[in-house]
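Notes for the one structure printed next.
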Amino acid sequence: MGTLRRLIFWEFPRTSWQWDIIVTLILAFIFLTPRDVFRDQPRAASIQMLPAQQGYLIEPKLLANVAGADQLRMATDLVNQRFKTHTTILRVEPVFDEAEHEITGYMAYTKP
């Protein structure tokens with residue numbers, strides 16, 4: 001019980017072998033645990049320009065509670081604010097992650 005208490009409260013001297021083992025275990029946990037365990041994925045910028053598709057990829061939380069009719073206006077405002085342009089969005093389509101059945105973003109298409 002004393003060893004467990006010392007482990008929890010980290011009462012080992014810094015140059016001891018116990019300290020080295022604890023630090024090694026912590027580092028192994030940090031670097032060897034797959035991202036999928038914590039559903040941690042790298043996040044891109046909230047709005048990305050996609051020149052090949054002549055559109056923009058918008059993060060889902062920016063248009064989450066916006067009604068369908070207002071999505072065009074809101075997407076246009078967001079893109080114009082972000083890129084300092086006067087672009088007109090023609091249509092907005094949700095992008096789905098089929099594995100998790102959720103919206104991962106919105107594609108906003110502009111005039112060619």
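Quick note on naming: the chains in the structure tokens go A, B, ... in the order shown, residues restart at 1 in each chain, and ligands are numbered from 1 in order of appearance.
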- Message: Among chain A, which residues does DSSP mark as strand (DSSP E) when it is run on the backbone? Keep the chain and numbering as in the structure and answer as a PyMOL selection string.
- Response: chain A and resi 47-50+55-58+89-97+102-110
With N, CA and C atoms kept, could you save the residues just selected as an mmCIF file, in the first residue's frame?
```
data_model
loop_
_atom_site.group_PDB
_atom_site.id
_atom_site.type_symbol
_atom_site.label_atom_id
_atom_site.label_comp_id
_atom_site.auth_asym_id
_atom_site.auth_seq_id
_atom_site.Cartn_x
_atom_site.Cartn_y
_atom_site.Cartn_z
ATOM 1 N N ILE A 47 -12.563 27.875 -42.317
ATOM 2 C CA ILE A 47 -13.008 27.997 -43.704
ATOM 3 C C ILE A 47 -11.786 27.820 -44.598
ATOM 4 N N GLN A 48 -11.877 26.893 -45.547
ATOM 5 C CA GLN A 48 -10.763 26.634 -46.461
ATOM 6 C C GLN A 48 -11.194 26.880 -47.900
ATOM 7 N N MET A 49 -10.318 27.524 -48.659
ATOM 8 C CA MET A 49 -10.587 27.743 -50.074
ATOM 9 C C MET A 49 -10.157 26.506 -50.853
ATOM 10 N N LEU A 50 -11.027 26.026 -51.734
ATOM 11 C CA LEU A 50 -10.734 24.878 -52.590
ATOM 12 C C LEU A 50 -10.821 25.341 -54.039
ATOM 13 N N GLY A 55 -14.850 26.528 -54.746
ATOM 14 C CA GLY A 55 -15.695 26.611 -53.577
ATOM 15 C C GLY A 55 -14.894 26.692 -52.303
ATOM 16 N N TYR A 56 -15.606 26.550 -51.209
ATOM 17 C CA TYR A 56 -15.016 26.657 -49.889
ATOM 18 C C TYR A 56 -15.545 25.534 -49.011
ATOM 19 N N LEU A 57 -14.691 25.058 -48.130
ATOM 20 C CA LEU A 57 -15.099 24.067 -47.144
ATOM 21 C C LEU A 57 -15.266 24.808 -45.826
ATOM 22 N N ILE A 58 -16.473 24.752 -45.276
ATOM 23 C CA ILE A 58 -16.812 25.501 -44.059
ATOM 24 C C ILE A 58 -17.025 24.515 -42.922
ATOM 25 N N ILE A 89 -22.063 33.014 -52.953
ATOM 26 C CA ILE A 89 -22.223 31.566 -52.828
ATOM 27 C C ILE A 89 -23.523 31.173 -53.523
ATOM 28 N N LEU A 90 -23.428 30.188 -54.419
ATOM 29 C CA LEU A 90 -24.608 29.740 -55.170
ATOM 30 C C LEU A 90 -25.360 28.613 -54.476
ATOM 31 N N ARG A 91 -24.598 27.708 -53.856
ATOM 32 C CA ARG A 91 -25.260 26.608 -53.142
ATOM 33 C C ARG A 91 -24.358 26.092 -52.029
ATOM 34 N N VAL A 92 -24.983 25.514 -51.031
ATOM 35 C CA VAL A 92 -24.276 24.951 -49.880
ATOM 36 C C VAL A 92 -24.748 23.516 -49.706
ATOM 37 N N GLU A 93 -23.775 22.586 -49.655
ATOM 38 C CA GLU A 93 -24.109 21.168 -49.486
ATOM 39 C C GLU A 93 -23.373 20.604 -48.272
ATOM 40 N N PRO A 94 -24.057 19.820 -47.449
ATOM 41 C CA PRO A 94 -23.363 19.202 -46.308
ATOM 42 C C PRO A 94 -22.433 18.082 -46.765
ATOM 43 N N VAL A 95 -21.344 17.916 -46.039
ATOM 44 C CA VAL A 95 -20.387 16.838 -46.282
ATOM 45 C C VAL A 95 -20.516 15.872 -45.117
ATOM 46 N N PHE A 96 -20.839 14.607 -45.409
ATOM 47 C CA PHE A 96 -21.095 13.620 -44.365
ATOM 48 C C PHE A 96 -19.915 12.676 -44.177
ATOM 49 N N ASP A 97 -19.686 12.275 -42.939
ATOM 50 C CA ASP A 97 -18.766 11.185 -42.624
ATOM 51 C C ASP A 97 -19.633 9.950 -42.465
ATOM 52 N N GLU A 102 -22.262 11.681 -39.299
ATOM 53 C CA GLU A 102 -22.384 13.071 -38.873
ATOM 54 C C GLU A 102 -21.849 13.995 -39.959
ATOM 55 N N ILE A 103 -22.257 15.245 -39.878
ATOM 56 C CA ILE A 103 -21.804 16.236 -40.842
ATOM 57 C C ILE A 103 -20.410 16.704 -40.437
ATOM 58 N N THR A 104 -19.458 16.630 -41.364
ATOM 59 C CA THR A 104 -18.086 17.042 -41.079
ATOM 60 C C THR A 104 -17.767 18.412 -41.657
ATOM 61 N N GLY A 105 -18.671 18.979 -42.414
ATOM 62 C CA GLY A 105 -18.457 20.302 -42.976
ATOM 63 C C GLY A 105 -19.504 20.616 -44.016
ATOM 64 N N TYR A 106 -19.387 21.795 -44.603
ATOM 65 C CA TYR A 106 -20.292 22.217 -45.669
ATOM 66 C C TYR A 106 -19.459 22.694 -46.848
ATOM 67 N N MET A 107 -19.823 22.264 -48.055
ATOM 68 C CA MET A 107 -19.197 22.767 -49.264
ATOM 69 C C MET A 107 -20.025 23.922 -49.779
ATOM 70 N N ALA A 108 -19.375 25.066 -49.938
ATOM 71 C CA ALA A 108 -20.041 26.250 -50.457
ATOM 72 C C ALA A 108 -19.469 26.519 -51.842
ATOM 73 N N TYR A 109 -20.326 26.462 -52.868
ATOM 74 C CA TYR A 109 -19.883 26.627 -54.247
ATOM 75 C C TYR A 109 -20.148 28.060 -54.709
ATOM 76 N N THR A 110 -19.182 28.604 -55.465
ATOM 77 C CA THR A 110 -19.287 29.968 -55.970
ATOM 78 C C THR A 110 -19.528 29.982 -57.468
#
```
- Message: DSSP on the backbone: which residues in chain A end up as helix (DSSP H, G or I)? Give the answer as a VMD selection string.
- Response: chain A and resid 2 to 8 17 to 32 35 to 38 51 to 53 60 to 62 68 to 83
Please write the residues from the selection above to a file, keeping C-alpha atoms, as an mmCIF file, in the first residue's frame.
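out-v4.cif, freshly written:
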```cif
data_model
loop_
_atom_site.group_PDB
_atom_site.id
_atom_site.type_symbol
_atom_site.label_atom_id
_atom_site.label_comp_id
_atom_site.auth_asym_id
_atom_site.auth_seq_id
_atom_site.Cartn_x
_atom_site.Cartn_y
_atom_site.Cartn_z
ATOM 1 C CA GLY A 2 2.910 2.314 0.708
ATOM 2 C CA THR A 3 4.338 1.817 -2.772
ATOM 3 C CA LEU A 4 0.961 2.578 -4.370
ATOM 4 C CA ARG A 5 0.677 5.755 -2.277
ATOM 5 C CA ARG A 6 4.182 6.815 -3.335
ATOM 6 C CA LEU A 7 3.303 6.087 -6.967
ATOM 7 C CA ILE A 8 0.067 8.107 -6.890
ATOM 8 C CA TRP A 17 14.913 4.275 -11.216
ATOM 9 C CA GLN A 18 11.264 4.507 -10.109
ATOM 10 C CA TRP A 19 11.110 8.076 -11.449
ATOM 11 C CA ASP A 20 12.556 6.910 -14.768
ATOM 12 C CA ILE A 21 9.975 4.127 -15.083
ATOM 13 C CA ILE A 22 7.048 6.461 -14.328
ATOM 14 C CA VAL A 23 8.275 9.033 -16.839
ATOM 15 C CA THR A 24 8.830 6.312 -19.455
ATOM 16 C CA LEU A 25 5.289 4.985 -18.927
ATOM 17 C CA ILE A 26 3.800 8.468 -19.250
ATOM 18 C CA LEU A 27 5.735 9.181 -22.438
ATOM 19 C CA ALA A 28 4.818 5.787 -23.877
ATOM 20 C CA PHE A 29 1.154 6.511 -23.174
ATOM 21 C CA ILE A 30 1.371 9.918 -24.832
ATOM 22 C CA PHE A 31 3.205 8.823 -27.977
ATOM 23 C CA LEU A 32 1.966 5.261 -28.483
ATOM 24 C CA ARG A 35 -5.503 9.046 -32.011
ATOM 25 C CA ASP A 36 -8.636 6.987 -32.586
ATOM 26 C CA VAL A 37 -8.811 6.076 -28.894
ATOM 27 C CA PHE A 38 -9.655 9.685 -27.998
ATOM 28 C CA PRO A 51 -9.758 26.401 -55.955
ATOM 29 C CA ALA A 52 -10.151 23.151 -57.942
ATOM 30 C CA GLN A 53 -13.848 22.893 -57.008
ATOM 31 C CA PRO A 60 -19.916 22.482 -39.471
ATOM 32 C CA LYS A 61 -20.264 24.487 -36.258
ATOM 33 C CA LEU A 62 -20.380 27.740 -38.263
ATOM 34 C CA GLY A 68 -31.588 26.122 -45.133
ATOM 35 C CA ALA A 69 -32.721 29.443 -46.614
ATOM 36 C CA ASP A 70 -30.259 31.428 -44.506
ATOM 37 C CA GLN A 71 -27.286 29.133 -45.160
ATOM 38 C CA LEU A 72 -26.455 30.829 -48.465
ATOM 39 C CA ARG A 73 -26.456 34.284 -46.888
ATOM 40 C CA MET A 74 -24.497 33.148 -43.846
ATOM 41 C CA ALA A 75 -21.950 31.208 -45.931
ATOM 42 C CA THR A 76 -21.480 34.232 -48.193
ATOM 43 C CA ASP A 77 -20.927 36.497 -45.181
ATOM 44 C CA LEU A 78 -18.461 34.074 -43.578
ATOM 45 C CA VAL A 79 -16.405 33.632 -46.759
ATOM 46 C CA ASN A 80 -16.350 37.358 -47.500
ATOM 47 C CA GLN A 81 -15.251 38.186 -43.955
ATOM 48 C CA ARG A 82 -12.558 35.502 -43.899
ATOM 49 C CA PHE A 83 -11.015 36.194 -47.310
#
```
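In this model, the gap between CA of Trp10 in chain A and CA of Thr33 in chain A comes to 22.4 Å.
Computed from the coordinates, the CA of His101 in chain A to CA of Pro34 in chain A distance equals 21.5 Å.
If you look at CA of Ala99 in chain A and CA of Asn65 in chain A, they are 22.6 Å away from each other.
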